[in-house]
Amino acid sequence: MADAENVIAADYVGIVSGNNVPDKLARAGWHTTKSQFVDAPLIDELPMALECTLVSYDDNTGLLIGKIVNVCAEERILTEGKIDLGKFHPITYDPSGHGYYALGQKVGSAFSDGKKLK
């Protein structure tokens with residue numbers, strides 16, 4: 001998963017076609033390692049990856065469903081063996097504003113905050 005530290009390289013590989021620039025990963029400064037779990041490369045410079053297999057794809061809707069078979073995460077983004085969003089700054093894309101935003105600020109507690117309305 002791309003993080004704030006890799007936003008320029010992530011945007012570059014998203015806007016450049018491998019058909020036109022076959023070495024686009026190298027130009028982005030990225031290197032790959034073959035996954036042991038799926039038939040796909042892992043980008044070494046990105047701190048986390050979700051390795052998935054295809055479950056189904058609907059041509060009419062474009063809905064793709066995958067199954068996560070492995071999660072890779074660098075030690076530097078972990079706290080007590082769990083991914084720590086205070087250390088890992090994944091980005092998300094806002095299609096309406098064409099911006100990237102870093103995630104990470106906790107705004108609530110899952111399976112807990114909603115109990116206040118019971």
# chains A, B, ... in the order shown; residues from 1 in each chain; ligands from 1

$ closest_atom_pairs --of "range 80-104 of chain A" --to "range 66-76 of chain A" --cutoff "9 Å" --atoms "only C-alpha atoms" --output "JSON lines"
{"residue": "A:Gly81", "atom": "CA", "partner": "A:Glu75", "partner_atom": "CA", "distance": 8.1}
{"residue": "A:Ile83", "atom": "CA", "partner": "A:Ala73", "partner_atom": "CA", "distance": 7.4}
{"residue": "A:Lys87", "atom": "CA", "partner": "A:Arg76", "partner_atom": "CA", "distance": 7.2}
{"residue": "A:Phe88", "atom": "CA", "partner": "A:Arg76", "partner_atom": "CA", "distance": 8.2}

$ write_last_selection --atoms "N, CA and C atoms" --output "PDB file, in the first residue's frame"
ATOM      1  N   GLY A  81       3.430  -5.936  17.211  1.00  0.00           N
ATOM      2  CA  GLY A  81       3.024  -6.864  16.169  1.00  0.00           C
ATOM      3  C   GLY A  81       1.822  -6.444  15.347  1.00  0.00           C
ATOM      4  N   ILE A  83      -0.176  -3.338  12.935  1.00  0.00           N
ATOM      5  CA  ILE A  83       0.056  -2.140  12.132  1.00  0.00           C
ATOM      6  C   ILE A  83      -0.410  -0.925  12.916  1.00  0.00           C
ATOM      7  N   LYS A  87       2.497   5.259  12.781  1.00  0.00           N
ATOM      8  CA  LYS A  87       3.805   5.047  12.148  1.00  0.00           C
ATOM      9  C   LYS A  87       3.676   4.869  10.632  1.00  0.00           C
ATOM     10  N   PHE A  88       2.566   4.318  10.213  1.00  0.00           N
ATOM     11  CA  PHE A  88       2.297   4.058   8.800  1.00  0.00           C
ATOM     12  C   PHE A  88       1.286   5.092   8.332  1.00  0.00           C
TER      13      PHE A  88
END

$ residues_around --residues "range 101-113 of chain A" --least-positions-apart "3" --cutoff "8 Å" --atoms "only C-alpha atoms" --output "list in words"
Asp3, Ala4, Leu85, Gly86, Phe88, His89, Pro90, Ile91, Thr92, Tyr93, Asp94 and Lys116 of chain A

$ select_by_dssp --residues "chain A" --states "strand (DSSP E or B)" --output "ChimeraX atom specification"
/A:3,32-34,41-43,48-57,64-73,78-79,82-83,90-94,99-102

$ write_last_selection --atoms "N, CA and C atoms" --output "CSV table (one decimal), in the first residue's frame"
chain,number,residue,atom,x,y,z
A,3,ASP,N,2.1,4.9,0.8
A,3,ASP,CA,2.1,5.8,2.0
A,3,ASP,C,2.5,7.2,1.6
A,32,THR,N,11.2,-4.7,-7.0
A,32,THR,CA,10.2,-5.7,-6.7
A,32,THR,C,10.8,-7.0,-6.3
A,33,THR,N,10.0,-7.7,-5.5
A,33,THR,CA,10.4,-9.1,-5.1
A,33,THR,C,9.1,-9.9,-5.4
A,34,LYS,N,9.4,-11.1,-5.9
A,34,LYS,CA,8.2,-12.0,-6.2
A,34,LYS,C,7.6,-12.5,-4.9
A,41,PRO,N,4.2,-9.3,-8.1
A,41,PRO,CA,5.4,-8.8,-7.4
A,41,PRO,C,5.0,-7.9,-6.2
A,42,LEU,N,5.9,-7.8,-5.2
A,42,LEU,CA,5.7,-6.9,-4.1
A,42,LEU,C,6.7,-5.7,-4.3
A,43,ILE,N,6.2,-4.5,-4.1
A,43,ILE,CA,7.1,-3.4,-4.2
A,43,ILE,C,7.9,-3.2,-2.9
A,48,MET,N,3.7,-1.8,3.3
A,48,MET,CA,2.7,-2.8,3.6
A,48,MET,C,2.1,-3.3,2.3
A,49,ALA,N,1.7,-4.6,2.3
A,49,ALA,CA,1.1,-5.2,1.1
A,49,ALA,C,0.0,-6.1,1.5
A,50,LEU,N,-1.1,-6.1,0.8
A,50,LEU,CA,-2.2,-7.1,1.0
A,50,LEU,C,-2.1,-8.0,-0.2
A,51,GLU,N,-1.7,-9.3,0.0
A,51,GLU,CA,-1.6,-10.2,-1.2
A,51,GLU,C,-2.9,-11.0,-1.3
A,52,CYS,N,-3.5,-10.8,-2.5
A,52,CYS,CA,-4.9,-11.4,-2.7
A,52,CYS,C,-5.0,-12.3,-3.9
A,53,THR,N,-5.9,-13.2,-3.8
A,53,THR,CA,-6.3,-14.1,-4.9
A,53,THR,C,-7.7,-13.6,-5.4
A,54,LEU,N,-7.9,-13.8,-6.7
A,54,LEU,CA,-9.2,-13.5,-7.3
A,54,LEU,C,-10.3,-14.5,-6.9
A,55,VAL,N,-11.4,-14.0,-6.3
A,55,VAL,CA,-12.5,-14.8,-6.0
A,55,VAL,C,-13.5,-14.7,-7.2
A,56,SER,N,-13.9,-13.5,-7.6
A,56,SER,CA,-14.8,-13.3,-8.7
A,56,SER,C,-14.7,-11.9,-9.3
A,57,TYR,N,-15.1,-11.8,-10.5
A,57,TYR,CA,-15.1,-10.5,-11.2
A,57,TYR,C,-16.4,-10.5,-12.1
A,64,LEU,N,-15.0,-6.5,-8.4
A,64,LEU,CA,-13.9,-7.4,-8.2
A,64,LEU,C,-13.9,-7.8,-6.8
A,65,ILE,N,-13.9,-9.1,-6.5
A,65,ILE,CA,-13.8,-9.6,-5.1
A,65,ILE,C,-12.6,-10.5,-5.0
A,66,GLY,N,-11.8,-10.2,-4.0
A,66,GLY,CA,-10.5,-10.9,-3.7
A,66,GLY,C,-10.5,-11.5,-2.3
A,67,LYS,N,-9.6,-12.4,-2.1
A,67,LYS,CA,-9.4,-13.0,-0.8
A,67,LYS,C,-8.0,-12.7,-0.4
A,68,ILE,N,-7.8,-12.0,0.8
A,68,ILE,CA,-6.5,-11.7,1.3
A,68,ILE,C,-5.9,-13.0,1.8
A,69,VAL,N,-4.7,-13.4,1.2
A,69,VAL,CA,-4.0,-14.6,1.6
A,69,VAL,C,-2.8,-14.3,2.5
A,70,ASN,N,-2.3,-13.1,2.4
A,70,ASN,CA,-1.1,-12.7,3.2
A,70,ASN,C,-1.0,-11.2,3.4
A,71,VAL,N,-0.5,-10.8,4.5
A,71,VAL,CA,-0.3,-9.4,4.8
A,71,VAL,C,1.2,-9.3,5.1
A,72,CYS,N,1.9,-8.4,4.4
A,72,CYS,CA,3.3,-8.1,4.6
A,72,CYS,C,3.3,-6.7,5.2
A,73,ALA,N,4.1,-6.5,6.3
A,73,ALA,CA,4.3,-5.2,6.9
A,73,ALA,C,5.7,-5.1,7.4
A,78,LEU,N,5.0,-1.2,12.8
A,78,LEU,CA,4.3,-2.1,13.8
A,78,LEU,C,4.6,-1.6,15.2
A,79,THR,N,3.5,-1.8,16.0
A,79,THR,CA,3.6,-1.7,17.5
A,79,THR,C,3.0,-2.9,18.1
A,82,LYS,N,1.3,-5.3,15.6
A,82,LYS,CA,0.1,-4.8,14.9
A,82,LYS,C,0.5,-3.5,14.1
A,83,ILE,N,-0.2,-3.3,12.9
A,83,ILE,CA,0.1,-2.1,12.1
A,83,ILE,C,-0.4,-0.9,12.9
A,90,PRO,N,-0.8,5.5,5.3
A,90,PRO,CA,-1.3,5.1,4.0
A,90,PRO,C,-2.1,6.3,3.4
A,91,ILE,N,-2.1,6.3,2.1
A,91,ILE,CA,-2.8,7.3,1.4
A,91,ILE,C,-4.0,6.8,0.7
A,92,THR,N,-5.0,7.7,0.6
A,92,THR,CA,-6.2,7.4,-0.2
A,92,THR,C,-6.4,8.5,-1.2
A,93,TYR,N,-7.1,8.1,-2.3
A,93,TYR,CA,-7.3,9.1,-3.4
A,93,TYR,C,-8.7,9.6,-3.3
A,94,ASP,N,-8.9,10.9,-3.4
A,94,ASP,CA,-10.2,11.6,-3.5
A,94,ASP,C,-10.5,11.9,-5.0
A,99,GLY,N,-7.1,14.6,-5.2
A,99,GLY,CA,-6.1,14.7,-4.2
A,99,GLY,C,-5.8,13.4,-3.5
A,100,TYR,N,-4.6,13.4,-2.9
A,100,TYR,CA,-4.2,12.2,-2.0
A,100,TYR,C,-4.3,12.7,-0.6
A,101,TYR,N,-4.8,11.8,0.3
A,101,TYR,CA,-4.8,12.2,1.7
A,101,TYR,C,-4.2,11.1,2.5
A,102,ALA,N,-3.4,11.5,3.5
A,102,ALA,CA,-2.8,10.5,4.4
A,102,ALA,C,-3.9,10.1,5.5

$ closest_residue --among "A:Lys118, A:His98, A:Asp11, A:Ile77" --to "Pro47 in chain A" --atoms "only C-alpha atoms"
A:Ile77

$ residues_around --residues "Gly29 in chain A" --least-positions-apart "2" --cutoff "12 Å" --atoms "only C-alpha atoms" --output "mmCIF file with all heavy atoms, in the first residue's frame"
data_model
loop_
_atom_site.group_PDB
_atom_site.id
_atom_site.type_symbol
_atom_site.label_atom_id
_atom_site.label_comp_id
_atom_site.auth_asym_id
_atom_site.auth_seq_id
_atom_site.Cartn_x
_atom_site.Cartn_y
_atom_site.Cartn_z
ATOM 1 N N ASN A 6 5.680 7.954 -0.179
ATOM 2 C CA ASN A 6 5.833 7.474 -1.553
ATOM 3 C C ASN A 6 4.782 8.041 -2.503
ATOM 4 O O ASN A 6 4.554 7.487 -3.574
ATOM 5 C CB ASN A 6 5.761 5.940 -1.575
ATOM 6 C CG ASN A 6 7.032 5.306 -1.084
ATOM 7 O OD1 ASN A 6 8.015 5.264 -1.816
ATOM 8 N ND2 ASN A 6 7.028 4.834 0.143
ATOM 9 N N ILE A 8 4.640 10.653 -4.535
ATOM 10 C CA ILE A 8 5.072 11.075 -5.874
ATOM 11 C C ILE A 8 5.294 9.856 -6.766
ATOM 12 O O ILE A 8 4.808 9.800 -7.899
ATOM 13 C CB ILE A 8 6.331 11.959 -5.793
ATOM 14 C CG1 ILE A 8 5.986 13.283 -5.110
ATOM 15 C CG2 ILE A 8 6.924 12.204 -7.182
ATOM 16 C CD1 ILE A 8 7.179 14.157 -4.786
ATOM 17 N N ALA A 9 5.990 8.855 -6.250
ATOM 18 C CA ALA A 9 6.236 7.641 -7.033
ATOM 19 C C ALA A 9 4.927 6.900 -7.303
ATOM 20 O O ALA A 9 4.713 6.384 -8.406
ATOM 21 C CB ALA A 9 7.224 6.733 -6.302
ATOM 22 N N ALA A 10 4.023 6.861 -6.334
ATOM 23 C CA ALA A 10 2.742 6.174 -6.519
ATOM 24 C C ALA A 10 1.909 6.867 -7.597
ATOM 25 O O ALA A 10 1.295 6.204 -8.436
ATOM 26 C CB ALA A 10 1.973 6.120 -5.199
ATOM 27 N N TYR A 12 3.095 8.679 -10.026
ATOM 28 C CA TYR A 12 3.796 8.458 -11.294
ATOM 29 C C TYR A 12 3.426 7.114 -11.913
ATOM 30 O O TYR A 12 3.063 7.044 -13.080
ATOM 31 C CB TYR A 12 5.309 8.552 -11.097
ATOM 32 C CG TYR A 12 6.085 8.196 -12.341
ATOM 33 C CD1 TYR A 12 6.200 9.092 -13.389
ATOM 34 C CD2 TYR A 12 6.688 6.950 -12.480
ATOM 35 C CE1 TYR A 12 6.882 8.763 -14.552
ATOM 36 C CE2 TYR A 12 7.377 6.607 -13.632
ATOM 37 C CZ TYR A 12 7.478 7.518 -14.662
ATOM 38 O OH TYR A 12 8.153 7.183 -15.810
ATOM 39 N N VAL A 13 3.490 6.037 -11.132
ATOM 40 C CA VAL A 13 3.176 4.725 -11.714
ATOM 41 C C VAL A 13 1.701 4.604 -12.067
ATOM 42 O O VAL A 13 1.328 3.773 -12.889
ATOM 43 C CB VAL A 13 3.637 3.528 -10.828
ATOM 44 C CG1 VAL A 13 5.141 3.545 -10.637
ATOM 45 C CG2 VAL A 13 2.903 3.498 -9.513
ATOM 46 N N ASP A 23 10.028 0.620 -18.057
ATOM 47 C CA ASP A 23 10.812 0.646 -16.816
ATOM 48 C C ASP A 23 10.240 1.641 -15.805
ATOM 49 O O ASP A 23 10.960 2.227 -15.015
ATOM 50 C CB ASP A 23 12.273 0.968 -17.121
ATOM 51 C CG ASP A 23 12.468 2.361 -17.710
ATOM 52 O OD1 ASP A 23 11.483 2.946 -18.222
ATOM 53 O OD2 ASP A 23 13.593 2.878 -17.654
ATOM 54 N N LYS A 24 8.903 1.807 -15.811
ATOM 55 C CA LYS A 24 8.298 2.828 -14.962
ATOM 56 C C LYS A 24 8.555 2.596 -13.470
ATOM 57 O O LYS A 24 8.719 3.555 -12.724
ATOM 58 C CB LYS A 24 6.810 2.987 -15.252
ATOM 59 C CG LYS A 24 5.900 1.890 -14.739
ATOM 60 C CD LYS A 24 4.448 2.224 -15.066
ATOM 61 C CE LYS A 24 3.484 1.329 -14.350
ATOM 62 N NZ LYS A 24 2.090 1.755 -14.576
ATOM 63 N N LEU A 25 8.619 1.364 -13.024
ATOM 64 C CA LEU A 25 8.917 1.124 -11.608
ATOM 65 C C LEU A 25 10.325 1.577 -11.258
ATOM 66 O O LEU A 25 10.545 2.191 -10.214
ATOM 67 C CB LEU A 25 8.723 -0.346 -11.248
ATOM 68 C CG LEU A 25 7.280 -0.846 -11.204
ATOM 69 C CD1 LEU A 25 7.240 -2.323 -10.876
ATOM 70 C CD2 LEU A 25 6.455 -0.061 -10.223
ATOM 71 N N ALA A 26 11.273 1.289 -12.126
ATOM 72 C CA ALA A 26 12.650 1.721 -11.897
ATOM 73 C C ALA A 26 12.735 3.249 -11.899
ATOM 74 O O ALA A 26 13.433 3.837 -11.073
ATOM 75 C CB ALA A 26 13.581 1.134 -12.959
ATOM 76 N N ARG A 27 12.013 3.887 -12.811
ATOM 77 C CA ARG A 27 12.013 5.359 -12.865
ATOM 78 C C ARG A 27 11.415 5.958 -11.601
ATOM 79 O O ARG A 27 11.764 7.058 -11.206
ATOM 80 C CB ARG A 27 11.252 5.851 -14.088
ATOM 81 C CG ARG A 27 12.006 5.630 -15.366
ATOM 82 C CD ARG A 27 11.288 6.270 -16.520
ATOM 83 N NE ARG A 27 11.961 5.986 -17.774
ATOM 84 C CZ ARG A 27 11.818 6.707 -18.854
ATOM 85 N NH1 ARG A 27 11.028 7.761 -18.858
ATOM 86 N NH2 ARG A 27 12.456 6.376 -19.958
ATOM 87 N N HIS A 31 11.685 -1.139 -6.549
ATOM 88 C CA HIS A 31 12.196 -2.465 -6.885
ATOM 89 C C HIS A 31 11.149 -3.477 -6.444
ATOM 90 O O HIS A 31 10.332 -3.193 -5.566
ATOM 91 C CB HIS A 31 13.524 -2.732 -6.153
ATOM 92 C CG HIS A 31 14.535 -1.663 -6.399
ATOM 93 N ND1 HIS A 31 14.592 -0.512 -5.634
ATOM 94 C CD2 HIS A 31 15.500 -1.552 -7.334
ATOM 95 C CE1 HIS A 31 15.568 0.259 -6.088
ATOM 96 N NE2 HIS A 31 16.123 -0.340 -7.118
ATOM 97 N N THR A 32 11.176 -4.669 -7.039
ATOM 98 C CA THR A 32 10.170 -5.671 -6.701
ATOM 99 C C THR A 32 10.801 -6.989 -6.280
ATOM 100 O O THR A 32 11.940 -7.298 -6.629
ATOM 101 C CB THR A 32 9.226 -5.942 -7.890
ATOM 102 O OG1 THR A 32 9.996 -6.440 -8.983
ATOM 103 C CG2 THR A 32 8.472 -4.699 -8.300
ATOM 104 N N ILE A 43 6.237 -4.533 -4.054
ATOM 105 C CA ILE A 43 7.101 -3.366 -4.207
ATOM 106 C C ILE A 43 7.867 -3.187 -2.903
ATOM 107 O O ILE A 43 7.276 -2.934 -1.850
ATOM 108 C CB ILE A 43 6.293 -2.118 -4.582
ATOM 109 C CG1 ILE A 43 5.603 -2.357 -5.930
ATOM 110 C CG2 ILE A 43 7.194 -0.886 -4.640
ATOM 111 C CD1 ILE A 43 4.639 -1.272 -6.347
ATOM 112 N N ASP A 44 9.183 -3.335 -2.996
ATOM 113 C CA ASP A 44 10.042 -3.345 -1.810
ATOM 114 C C ASP A 44 9.964 -2.061 -0.992
ATOM 115 O O ASP A 44 10.082 -2.095 0.236
ATOM 116 C CB ASP A 44 11.499 -3.591 -2.211
ATOM 117 C CG ASP A 44 11.692 -4.922 -2.914
ATOM 118 O OD1 ASP A 44 10.857 -5.833 -2.743
ATOM 119 O OD2 ASP A 44 12.693 -5.044 -3.651
ATOM 120 N N GLU A 45 9.786 -0.928 -1.627
ATOM 121 C CA GLU A 45 9.817 0.354 -0.938
ATOM 122 C C GLU A 45 8.516 0.691 -0.203
ATOM 123 O O GLU A 45 8.489 1.613 0.608
ATOM 124 C CB GLU A 45 10.144 1.478 -1.934
ATOM 125 C CG GLU A 45 11.583 1.488 -2.397
ATOM 126 C CD GLU A 45 11.929 0.379 -3.390
ATOM 127 O OE1 GLU A 45 11.011 -0.206 -4.019
ATOM 128 O OE2 GLU A 45 13.125 0.086 -3.532
ATOM 129 N N LEU A 46 7.445 -0.036 -0.481
ATOM 130 C CA LEU A 46 6.179 0.226 0.202
ATOM 131 C C LEU A 46 6.110 -0.596 1.477
ATOM 132 O O LEU A 46 6.410 -1.785 1.480
ATOM 133 C CB LEU A 46 5.000 -0.088 -0.718
ATOM 134 C CG LEU A 46 4.943 0.754 -2.003
ATOM 135 C CD1 LEU A 46 3.717 0.395 -2.824
ATOM 136 C CD2 LEU A 46 4.976 2.236 -1.696
#

$ atom_distance --atom1 "CA of Ser96 in chain A" --atom2 "CA of Asn19 in chain A"
27.3 Å

$ select_by_dssp --residues "chain A" --states "helix (DSSP H, G or I)" --output "PyMOL selection string"
chain A and resi 4-15+24-27+75-77+113-117

$ decode --residues "range 86-99 of chain A" --atoms "all heavy atoms" --output "short mmCIF file (atom, residue, chain, number, x, y, z; two decimals), in the first residue's frame"
data_model
loop_
_atom_site.label_atom_id
_atom_site.label_comp_id
_atom_site.auth_asym_id
_atom_site.auth_seq_id
_atom_site.Cartn_x
_atom_site.Cartn_y
_atom_site.Cartn_z
N GLY A 86 -0.11 5.42 13.40
CA GLY A 86 0.72 6.54 13.83
C GLY A 86 2.11 6.47 13.22
O GLY A 86 2.82 7.47 13.12
N LYS A 87 2.50 5.26 12.78
CA LYS A 87 3.80 5.05 12.15
C LYS A 87 3.68 4.87 10.63
O LYS A 87 4.59 5.17 9.89
CB LYS A 87 4.47 3.81 12.74
CG LYS A 87 4.81 3.93 14.21
CD LYS A 87 5.39 2.63 14.72
CE LYS A 87 5.74 2.72 16.19
NZ LYS A 87 6.28 1.43 16.68
N PHE A 88 2.57 4.32 10.21
CA PHE A 88 2.30 4.06 8.80
C PHE A 88 1.29 5.09 8.33
O PHE A 88 0.24 5.25 8.94
CB PHE A 88 1.73 2.64 8.65
CG PHE A 88 1.28 2.25 7.27
CD1 PHE A 88 1.98 2.63 6.15
CD2 PHE A 88 0.15 1.48 7.11
CE1 PHE A 88 1.56 2.25 4.87
CE2 PHE A 88 -0.28 1.08 5.85
CZ PHE A 88 0.42 1.48 4.73
N HIS A 89 1.57 5.77 7.28
CA HIS A 89 0.70 6.83 6.79
C HIS A 89 0.15 6.48 5.40
O HIS A 89 0.55 7.08 4.40
CB HIS A 89 1.46 8.16 6.75
CG HIS A 89 2.12 8.48 8.04
ND1 HIS A 89 3.47 8.43 8.22
CD2 HIS A 89 1.59 8.81 9.25
CE1 HIS A 89 3.76 8.72 9.47
NE2 HIS A 89 2.64 8.95 10.11
N PRO A 90 -0.77 5.48 5.34
CA PRO A 90 -1.30 5.09 4.03
C PRO A 90 -2.06 6.25 3.41
O PRO A 90 -2.59 7.12 4.12
CB PRO A 90 -2.25 3.93 4.36
CG PRO A 90 -2.65 4.16 5.77
CD PRO A 90 -1.46 4.79 6.43
N ILE A 91 -2.08 6.27 2.08
CA ILE A 91 -2.79 7.33 1.40
C ILE A 91 -4.04 6.78 0.74
O ILE A 91 -4.13 5.60 0.41
CB ILE A 91 -1.90 8.05 0.35
CG1 ILE A 91 -1.34 7.07 -0.68
CG2 ILE A 91 -0.80 8.83 1.04
CD1 ILE A 91 -0.60 7.73 -1.84
N THR A 92 -5.00 7.66 0.56
CA THR A 92 -6.21 7.36 -0.19
C THR A 92 -6.40 8.46 -1.22
O THR A 92 -5.91 9.57 -1.05
CB THR A 92 -7.44 7.24 0.74
OG1 THR A 92 -8.55 6.74 0.00
CG2 THR A 92 -7.79 8.56 1.39
N TYR A 93 -7.09 8.12 -2.29
CA TYR A 93 -7.31 9.06 -3.39
C TYR A 93 -8.73 9.60 -3.32
O TYR A 93 -9.69 8.85 -3.15
CB TYR A 93 -7.08 8.35 -4.72
CG TYR A 93 -7.45 9.16 -5.93
CD1 TYR A 93 -6.76 10.33 -6.24
CD2 TYR A 93 -8.50 8.77 -6.75
CE1 TYR A 93 -7.11 11.08 -7.35
CE2 TYR A 93 -8.85 9.52 -7.87
CZ TYR A 93 -8.15 10.68 -8.16
OH TYR A 93 -8.48 11.43 -9.25
N ASP A 94 -8.86 10.90 -3.44
CA ASP A 94 -10.16 11.56 -3.50
C ASP A 94 -10.48 11.86 -4.97
O ASP A 94 -9.89 12.78 -5.54
CB ASP A 94 -10.12 12.85 -2.70
CG ASP A 94 -11.33 13.75 -2.94
OD1 ASP A 94 -12.37 13.25 -3.40
OD2 ASP A 94 -11.23 14.96 -2.66
N PRO A 95 -11.36 11.07 -5.61
CA PRO A 95 -11.62 11.26 -7.03
C PRO A 95 -12.34 12.56 -7.36
O PRO A 95 -12.22 13.07 -8.47
CB PRO A 95 -12.46 10.04 -7.42
CG PRO A 95 -13.06 9.56 -6.15
CD PRO A 95 -12.11 9.94 -5.04
N SER A 96 -13.08 13.13 -6.42
CA SER A 96 -13.79 14.38 -6.73
C SER A 96 -12.85 15.58 -6.68
O SER A 96 -12.98 16.50 -7.47
CB SER A 96 -14.97 14.59 -5.79
OG SER A 96 -14.53 14.71 -4.46
N GLY A 97 -11.89 15.57 -5.78
CA GLY A 97 -10.95 16.68 -5.67
C GLY A 97 -9.59 16.39 -6.26
O GLY A 97 -8.71 17.25 -6.24
N HIS A 98 -9.39 15.16 -6.75
CA HIS A 98 -8.12 14.73 -7.34
C HIS A 98 -6.94 14.96 -6.40
O HIS A 98 -5.89 15.46 -6.80
CB HIS A 98 -7.87 15.43 -8.70
CG HIS A 98 -8.93 15.15 -9.69
ND1 HIS A 98 -9.04 13.95 -10.35
CD2 HIS A 98 -9.97 15.91 -10.11
CE1 HIS A 98 -10.10 13.98 -11.14
NE2 HIS A 98 -10.68 15.16 -11.02
N GLY A 99 -7.13 14.57 -5.16
CA GLY A 99 -6.06 14.72 -4.17
C GLY A 99 -5.77 13.41 -3.47
O GLY A 99 -6.59 12.49 -3.47
#
